[in-house]
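Inspection log for the structure reproduced underneath, given as structure tokens.
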Amino acid sequence: MDKRQEEGIARLREIVQASKKMVFFGGAGVSTESGIPDFRSQDGLYRQKYKYPPEYILSRTFFDRHTEEFFEFYREKMLCLNAQPNAAHYKLAQWEREGRLAAVITQNIDGLHQKAGSRAVLELHGSIRRNVCMDCGAPYPAERIAESSGIPRCGCGGVIKPDVVLYEEPLDQTVLARSVELIEEADTLIVGGTSLNVQPAASLIDFFRGEHAVVINRGAPARSMQGVLFIDGKIGEVLSAV
Ligand code: NAD
Ligand code: ZN
């Protein structure tokens, strides 16, 4: 920890103590310390070489046209069933139990906030934990996708699709509306581990009108907020030091 980080953490500690309705808004950077690669970091998925760009593989068009290759990529890169929560997930769960944090709004699909004990979790982009048959709607656990090979199929013959939002697919409007409400009502908004490049999720922070805005990220995200406290660092390290 350098001096700037320590000063930022001291300030954040005061903010947390004064807050009664914090909201955390996060992205893939929250889970890199759990060993799940993000998209845009140095060792993120977008820097690795594939036959297709990851944005295309994770689109609905690709899913429909190259279903088998989609699942190959998905099993290898997205389905991290053994990953464990890190200090950031645990601290947020603790704040919720203490009654300081109203909700976690996440772009992640890994389910690690719930695994750490958070209950109010809004998953803007869905979850690898939910999977449904595209024909009959039967639900399946993520293990079913992991253990199958090729295209995972339901007993009825339908394709089992993970409930994750692919590019070209709309977000769940109920989750989105509830997220807006929570951010509008928050006294403190902590944004962390997100490049704020993916829309419409990134624009949610514009609804914040509370007192304290904090960003914890490795490098500055693509957008910012007025009067924000920016702490440049690893979110698990920063939050465990608060
Ligand atoms: P992103 O890859 O665009 O940005 C991640 C940001 O986090 C970067 O600015 C990076 O510098 C920062 N970061 C990385 N590790 C960090 C750490 N330990 N501490 C602090 N900051 C750190 O990710 P995004 O903004 O979430 O957008 C990409 C999309 O990728 C999202 O829609 C999400 O659904 C999806 N995604 C999810 C997962 C997951 O569920 N774990 C993983 C990869 C991608
Ligand atoms: Zn079925």
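In the structure tokens, chains take the letters A, B, ... in the order shown, each chain's residues start at 1, and ligands count up from 1 in the order shown.
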Given a cut-off of 7 Å, what residues near ligand 1 show up using only C-alpha atoms and all ligand atoms, put as an NGL selection string?
:A and (26-33 or 36-41 or 44 or 78 or 107-110 or 125 or 192-198 or 216-221 or 233-236)
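Look at Ile145 (chain A): the protein and nucleic acid residues within 12 Å of it, using only C-alpha atoms and passing over chain neighbours fewer than 5 places away, are Glu68, Phe70, Phe71, Glu72, Tyr74, Arg75, Glu76, Met78, Leu79, Cys80, Leu81, Ile128, Arg129, Arg130, Asn131, Val132, Cys133, Pro139, Tyr140, Gly150, Ile151, Pro152, Arg153, Cys154, Val159, Ile160, Lys161, Pro162 and Asp163 of chain A.
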I need the residues from that last selection saved to file as a PDB file, in the first residue's frame (with C-alpha atoms), if you can.
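For reference, selection_9.pdb as written:
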ATOM      1  CA  GLU A  68     -21.176 -25.919 -30.003  1.00  0.00           C
ATOM      2  CA  PHE A  70     -20.090 -21.151 -27.841  1.00  0.00           C
ATOM      3  CA  PHE A  71     -20.267 -23.885 -25.210  1.00  0.00           C
ATOM      4  CA  GLU A  72     -16.626 -24.794 -25.721  1.00  0.00           C
ATOM      5  CA  TYR A  74     -18.193 -20.892 -22.167  1.00  0.00           C
ATOM      6  CA  ARG A  75     -17.066 -24.037 -20.340  1.00  0.00           C
ATOM      7  CA  GLU A  76     -13.416 -23.103 -20.598  1.00  0.00           C
ATOM      8  CA  MET A  78     -16.803 -18.445 -18.097  1.00  0.00           C
ATOM      9  CA  LEU A  79     -17.886 -21.429 -16.052  1.00  0.00           C
ATOM     10  CA  CYS A  80     -15.638 -21.061 -13.005  1.00  0.00           C
ATOM     11  CA  LEU A  81     -17.452 -23.378 -10.636  1.00  0.00           C
ATOM     12  CA  ILE A 128     -24.066 -19.046 -14.699  1.00  0.00           C
ATOM     13  CA  ARG A 129     -25.968 -20.644 -11.808  1.00  0.00           C
ATOM     14  CA  ARG A 130     -29.292 -20.574 -13.666  1.00  0.00           C
ATOM     15  CA  ASN A 131     -29.790 -22.573 -16.852  1.00  0.00           C
ATOM     16  CA  VAL A 132     -32.984 -23.410 -18.668  1.00  0.00           C
ATOM     17  CA  CYS A 133     -34.119 -25.583 -21.541  1.00  0.00           C
ATOM     18  CA  PRO A 139     -34.142 -25.613 -14.991  1.00  0.00           C
ATOM     19  CA  TYR A 140     -30.673 -27.129 -14.703  1.00  0.00           C
ATOM     20  CA  GLY A 150     -20.817 -30.507 -27.022  1.00  0.00           C
ATOM     21  CA  ILE A 151     -24.240 -28.879 -26.846  1.00  0.00           C
ATOM     22  CA  PRO A 152     -25.953 -29.527 -23.472  1.00  0.00           C
ATOM     23  CA  ARG A 153     -29.441 -30.896 -24.030  1.00  0.00           C
ATOM     24  CA  CYS A 154     -32.562 -31.365 -21.966  1.00  0.00           C
ATOM     25  CA  VAL A 159     -30.755 -26.846 -25.859  1.00  0.00           C
ATOM     26  CA  ILE A 160     -29.976 -25.845 -22.255  1.00  0.00           C
ATOM     27  CA  LYS A 161     -29.082 -22.144 -22.284  1.00  0.00           C
ATOM     28  CA  PRO A 162     -27.284 -20.381 -19.442  1.00  0.00           C
ATOM     29  CA  ASP A 163     -29.288 -17.442 -18.081  1.00  0.00           C
TER      30      ASP A 163
END
Nearby residues (only C-alpha atoms) at most 8 Å from region 121-124 of chain A, same-chain spacing under 3 positions excluded, as a PyMOL selection string:
chain A and resi 103-109+113-114+118+127+171-172+175-176+179+201
Grab the residues selected above and save them as a JSON list (two decimals), in the first residue's frame with N, CA, C and O atoms.
[["chain", "number", "residue", "atom", "x", "y", "z"],
["A", 103, "ALA", "N", -27.50, -2.94, -1.10],
["A", 103, "ALA", "CA", -27.46, -3.94, -2.16],
["A", 103, "ALA", "C", -26.14, -3.92, -2.91],
["A", 103, "ALA", "O", -25.42, -2.92, -2.93],
["A", 104, "VAL", "N", -25.85, -5.05, -3.53],
["A", 104, "VAL", "CA", -24.76, -5.16, -4.49],
["A", 104, "VAL", "C", -25.41, -5.25, -5.86],
["A", 104, "VAL", "O", -26.29, -6.09, -6.08],
["A", 105, "ILE", "N", -25.01, -4.37, -6.76],
["A", 105, "ILE", "CA", -25.46, -4.46, -8.15],
["A", 105, "ILE", "C", -24.24, -4.91, -8.95],
["A", 105, "ILE", "O", -23.20, -4.24, -8.91],
["A", 106, "THR", "N", -24.35, -6.03, -9.60],
["A", 106, "THR", "CA", -23.15, -6.55, -10.27],
["A", 106, "THR", "C", -23.38, -6.86, -11.75],
["A", 106, "THR", "O", -24.48, -7.25, -12.15],
["A", 107, "GLN", "N", -22.32, -6.69, -12.52],
["A", 107, "GLN", "CA", -22.33, -7.11, -13.92],
["A", 107, "GLN", "C", -21.80, -8.53, -14.03],
["A", 107, "GLN", "O", -21.78, -9.11, -15.11],
["A", 108, "ASN", "N", -21.34, -9.08, -12.90],
["A", 108, "ASN", "CA", -20.76, -10.42, -12.94],
["A", 108, "ASN", "C", -21.82, -11.50, -12.98],
["A", 108, "ASN", "O", -22.95, -11.31, -12.51],
["A", 109, "ILE", "N", -21.41, -12.63, -13.49],
["A", 109, "ILE", "CA", -22.34, -13.76, -13.65],
["A", 109, "ILE", "C", -21.87, -14.95, -12.84],
["A", 109, "ILE", "O", -22.42, -16.05, -12.96],
["A", 113, "HIS", "N", -20.84, -13.30, -5.04],
["A", 113, "HIS", "CA", -21.38, -12.47, -3.95],
["A", 113, "HIS", "C", -22.30, -13.30, -3.06],
["A", 113, "HIS", "O", -22.22, -13.24, -1.84],
["A", 114, "GLN", "N", -23.17, -14.08, -3.68],
["A", 114, "GLN", "CA", -24.07, -14.95, -2.91],
["A", 114, "GLN", "C", -23.28, -16.00, -2.13],
["A", 114, "GLN", "O", -23.59, -16.29, -0.99],
["A", 118, "SER", "N", -23.77, -12.52, 0.64],
["A", 118, "SER", "CA", -24.62, -11.38, 0.29],
["A", 118, "SER", "C", -26.00, -11.89, -0.12],
["A", 118, "SER", "O", -26.10, -12.92, -0.79],
["A", 127, "SER", "N", -26.76, -15.05, -14.51],
["A", 127, "SER", "CA", -25.89, -15.88, -13.69],
["A", 127, "SER", "C", -25.64, -17.23, -14.35],
["A", 127, "SER", "O", -26.55, -17.84, -14.90],
["A", 171, "LEU", "N", -31.43, -6.53, -21.23],
["A", 171, "LEU", "CA", -31.32, -6.81, -19.80],
["A", 171, "LEU", "C", -32.71, -7.04, -19.23],
["A", 171, "LEU", "O", -33.69, -6.56, -19.78],
["A", 172, "ASP", "N", -32.76, -7.76, -18.12],
["A", 172, "ASP", "CA", -34.02, -7.96, -17.40],
["A", 172, "ASP", "C", -34.49, -6.59, -16.89],
["A", 172, "ASP", "O", -33.83, -5.95, -16.08],
["A", 175, "VAL", "N", -34.89, -6.09, -13.00],
["A", 175, "VAL", "CA", -33.59, -5.93, -12.31],
["A", 175, "VAL", "C", -33.03, -4.54, -12.58],
["A", 175, "VAL", "O", -32.53, -3.87, -11.68],
["A", 176, "LEU", "N", -33.15, -4.10, -13.81],
["A", 176, "LEU", "CA", -32.63, -2.79, -14.20],
["A", 176, "LEU", "C", -33.36, -1.67, -13.45],
["A", 176, "LEU", "O", -32.73, -0.77, -12.88],
["A", 179, "SER", "N", -32.43, -1.59, -9.83],
["A", 179, "SER", "CA", -31.07, -1.06, -9.67],
["A", 179, "SER", "C", -31.07, 0.47, -9.70],
["A", 179, "SER", "O", -30.40, 1.11, -8.89],
["A", 201, "ALA", "N", -25.40, -0.95, -18.45],
["A", 201, "ALA", "CA", -25.02, -1.05, -17.03],
["A", 201, "ALA", "C", -24.23, 0.18, -16.56],
["A", 201, "ALA", "O", -24.52, 0.77, -15.52]]
Go through A:Arg65, A:Gly137, A:Lys91, A:Phe73 one by one, measure the shortest atom-to-atom distance of each to ligand 2 using only C-alpha atoms and all ligand atoms, and give the residue with the smallest value.
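Smallest separation from ligand 2 among the options: A:Gly137.
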Would you write out, as CSV, a table of all residues in chain A that have an atom no more than 7 Å from an atom of ligand 2, listing for each the closest atom pair and the distance in Å to one decimal, considering only C-alpha atoms and all ligand atoms and ordering rows by chain and rising residue number?
residue,atom,partner,partner_atom_place_in_ligand_line,distance
A:Cys133,CA,ligand 2,1 (Zn),4.6
A:Met134,CA,ligand 2,1 (Zn),6.6
A:Asp135,CA,ligand 2,1 (Zn),5.1
A:Cys136,CA,ligand 2,1 (Zn),4.0
A:Gly137,CA,ligand 2,1 (Zn),5.9
A:Ala138,CA,ligand 2,1 (Zn),5.5
A:Cys154,CA,ligand 2,1 (Zn),4.5
A:Gly155,CA,ligand 2,1 (Zn),5.8
A:Cys156,CA,ligand 2,1 (Zn),4.3
A:Gly157,CA,ligand 2,1 (Zn),6.1
A:Gly158,CA,ligand 2,1 (Zn),4.8
Next, the residues of the selection above should be written as a tab-separated table (two decimals), in the first residue's frame with C-alpha atoms.
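Resulting contents of again_16.tsv:
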chain	number	residue	atom	x	y	z
A	133	CYS	CA	-34.12	-25.58	-21.54
A	134	MET	CA	-34.96	-23.34	-24.48
A	135	ASP	CA	-37.89	-25.58	-25.44
A	136	CYS	CA	-39.64	-26.69	-22.23
A	137	GLY	CA	-38.14	-24.30	-19.68
A	138	ALA	CA	-36.82	-27.00	-17.34
A	154	CYS	CA	-32.56	-31.36	-21.97
A	155	GLY	CA	-34.40	-34.69	-21.75
A	156	CYS	CA	-36.88	-33.20	-24.25
A	157	GLY	CA	-34.09	-32.55	-26.76
A	158	GLY	CA	-34.00	-28.77	-26.31
If DSSP is run on the backbone, what residues of region 70-183 of chain A are strand (DSSP E or B)? A reply as a list in words would be ideal.
Leu101, Ala102, Ala103, Val104, Ile105, Thr106, Val121, Leu122, Glu123, Gly126, Ser127, Ile128, Arg129, Arg130, Asn131, Val132, Cys133, Pro139, Tyr140, Arg153, Val159, Ile160, Lys161, Pro162, Asp163, Val164 and Tyr167 of chain A
Gap from CA of Phe62 (chain A) to CA of Tyr50 (chain A) - Å, one decimal:
14.0 Å
